[in-house]
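Q: Sharing a structure with you now.
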Amino acid sequence: MAPRKLAAGNWKMNGDLAAMDQIDAMLNSAEDASCDVLICPPALLIHPMVARIGAGDLLVGGQDCHAEAKGAHTGDISAEQLRDAGASHIILGHSERRADHAETDAQIRAKAAAAHRAGLVAIICLGETEAQRDGGQTLDVIAAQLDGSLPEGATAANTVIAYEPVWAIGTGRTPSTDQIAEVHALLRARLSDRLATGADVTLLYGGSVKASNAAEIFALPHVDGALVGGASLKAADFLPIIEALDRA
Ligand SMILES: O=C[C@H](O)COP(=O)(O)O
């Protein structure tokens, strides 16, 4: 088995019911593509998006979940509830949640275990800050985040890892191809050491991916797709990225 290729869109706190119009074109593209195509909209849009897709091939995911299945946790959503709404994946440990909500590796590990319990694929995000990159700490930071965030029971079937340098998110800046390749080689080696299926875990790059840089990023070893923010909001921007991954 080889890693499954995945083009994942993270809509963050963007989009509304009117934005569903983008879905029809994405759905057509997903049906033509050999890679998996996933959109993670705000949680309120998951169910209407799943209803709009019907039996189509486009996948829908959440952006976070609580570690518990249910209970007195006002404002939170469980993995089971996301599954019930039709989600297949959950993004966890995004740097915006690590920064805005002080999420720790231990919390992300517990949430990933919750995603697995609910039958969802956990997309665990890792990434260094610019200060850490400048300080030569990138590989140590990534290794520590991976070791701390990956739960027992992780496999290639239930886990995706996304490398997203914090300084590349929404900035239009990307690491060099050598820098991306170096981190992805580290991830592949550590996952292969730790998991029987580590060689088959899908590894995504994220951070200012767009049509103009997608092909060179997807050509790198151990890059099996992308986690795309801004360029996933409009079908016209996301479709060329899907096509580039399909060709890679
Ligand atoms: O989850 C997606 C990433 O934060 C990348 O966002 P971006 O493509 O807008 O840089």
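We label chains A, B, ... in the order they appear in the structure tokens, count residues from 1 in each chain, and number ligands from 1 in the order shown.
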With only C-alpha atoms and all ligand atoms counted, collect every polymer residue having an atom within 7 Å of ligand 1; state the result as a list of chain:residue names.

A: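 Taking only C-alpha atoms and all ligand atoms into account, the residues around ligand 1 at most 7 Å away are A:Asn10, A:His94, A:Glu164, A:Ala168, A:Ile169, A:Gly170, A:Thr171, A:Gly172, A:Gly206, A:Gly207, A:Ser208, A:Val209, A:Leu227, A:Val228, A:Gly229, A:Gly230, A:Ala231.
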
Q: Taking the DSSP secondary structure from the backbone, can you list the residues of range 46-215 of chain A that are helix (DSSP H, G or I), as a count of residues only?

A: 80

Q: So, counting only C-alpha atoms, which residue among A:Gln107, A:Ser95, A:Ser232, A:Thr197 is closest to Thr159 in chain A?

A: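 Of A:Gln107, A:Ser95, A:Ser232, A:Thr197, the one nearest Thr159 in chain A, counting only C-alpha atoms, is A:Thr197.
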
Q: Can you list, as a list in words, every protein, DNA or RNA residue that comes within 10 Å of Leu44 in chain A when you count only C-alpha atoms, leaving out same-chain residues fewer than 2 positions away?

A: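 These residues fall inside the cut-off: Gly15, Asp16, Leu17, Pro41, Pro42, Ile46, His47, Pro48, Met49, Gly62 and Ala85 of chain A.
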
Q: Need the shell around Ser149 in chain A: protein/DNA/RNA residues with any atom at most 10 Å away, counting only C-alpha atoms. Skip same-chain ones fewer than 3 positions apart. Format as a list in words?

A: Leu92, Gly93, Thr104, Asp105, Ala106, Gln107, Ile108, Arg109, Ala110, Lys111, Ala112, Ala113, Ile124, Cys125, Leu126, Ala143, Ala144, Gln145, Leu146 and Glu152 of chain A

Q: Please measure the separation of CA of Ala33 in chain A and CA of Ala79 in chain A, giving the value in Å to one decimal.

A: 27.6 Å

Q: May I ask for the distance between CA of Leu58 in chain A and CA of Thr155 in chain A, given in Å to one decimal place?

A: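 These atoms are spaced 22.4 Å apart.
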
Q: In range 16-239 of chain A, what's strand (DSSP E or B) per DSSP? Answer as a VMD selection string?

A: chain A and resid 36 to 40 59 to 62 66 78 89 to 92 121 to 126 159 to 163 202 to 206 225 to 228

Q: From the set A:Asp84, A:Glu96, A:Asp147, A:Asp200, which residue has the shortest atom-to-atom contact distance to Met1 in chain A, counting only C-alpha atoms?

A: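 Smallest separation from Met1 in chain A among the options: A:Asp200.
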
Q: Pick out the closest residue to Arg188 in chain A from this set: A:Ala72, A:Ala244, A:Ala162, A:Cys65. Count only C-alpha atoms.

A: A:Ala162

Q: Please list as a PyMOL selection string every residue within 10 Å of Asp246 in chain A, counting only C-alpha atoms and excluding residues in the same chain fewer than 2 positions away.

A: chain A and resi 5-7+32-36+215+218+225+240-244+248

Q: Using C-alpha atoms, can you write the selected residues to a file as a tab-separated table (two decimals), in the first residue's frame?

A:
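Generated file (selection_32.tsv):
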```
chain	number	residue	atom	x	y	z
A	5	LYS	CA	-3.00	11.28	-1.93
A	6	LEU	CA	-5.18	13.94	-0.31
A	7	ALA	CA	-6.10	17.51	-1.29
A	32	ASP	CA	-12.65	13.00	-11.84
A	33	ALA	CA	-9.59	12.91	-9.55
A	34	SER	CA	-7.75	9.82	-8.37
A	35	CYS	CA	-6.69	11.63	-5.18
A	36	ASP	CA	-9.04	12.13	-2.22
A	215	ALA	CA	3.25	21.05	-8.65
A	218	PHE	CA	3.82	17.69	-4.81
A	225	GLY	CA	-0.90	16.20	-0.70
A	240	PRO	CA	-5.81	23.56	-10.14
A	241	ILE	CA	-4.29	22.32	-6.87
A	242	ILE	CA	-6.36	19.14	-7.04
A	243	GLU	CA	-5.31	18.69	-10.66
A	244	ALA	CA	-1.63	19.20	-9.79
A	248	ALA	CA	2.02	14.18	-9.33
```

Q: Which residue is closest to Gln63 in chain A? Choose from A:Arg98, A:Lys12, A:Arg133, A:His184 and count only C-alpha atoms.

A: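 The closest residue to Gln63 in chain A is A:Lys12.
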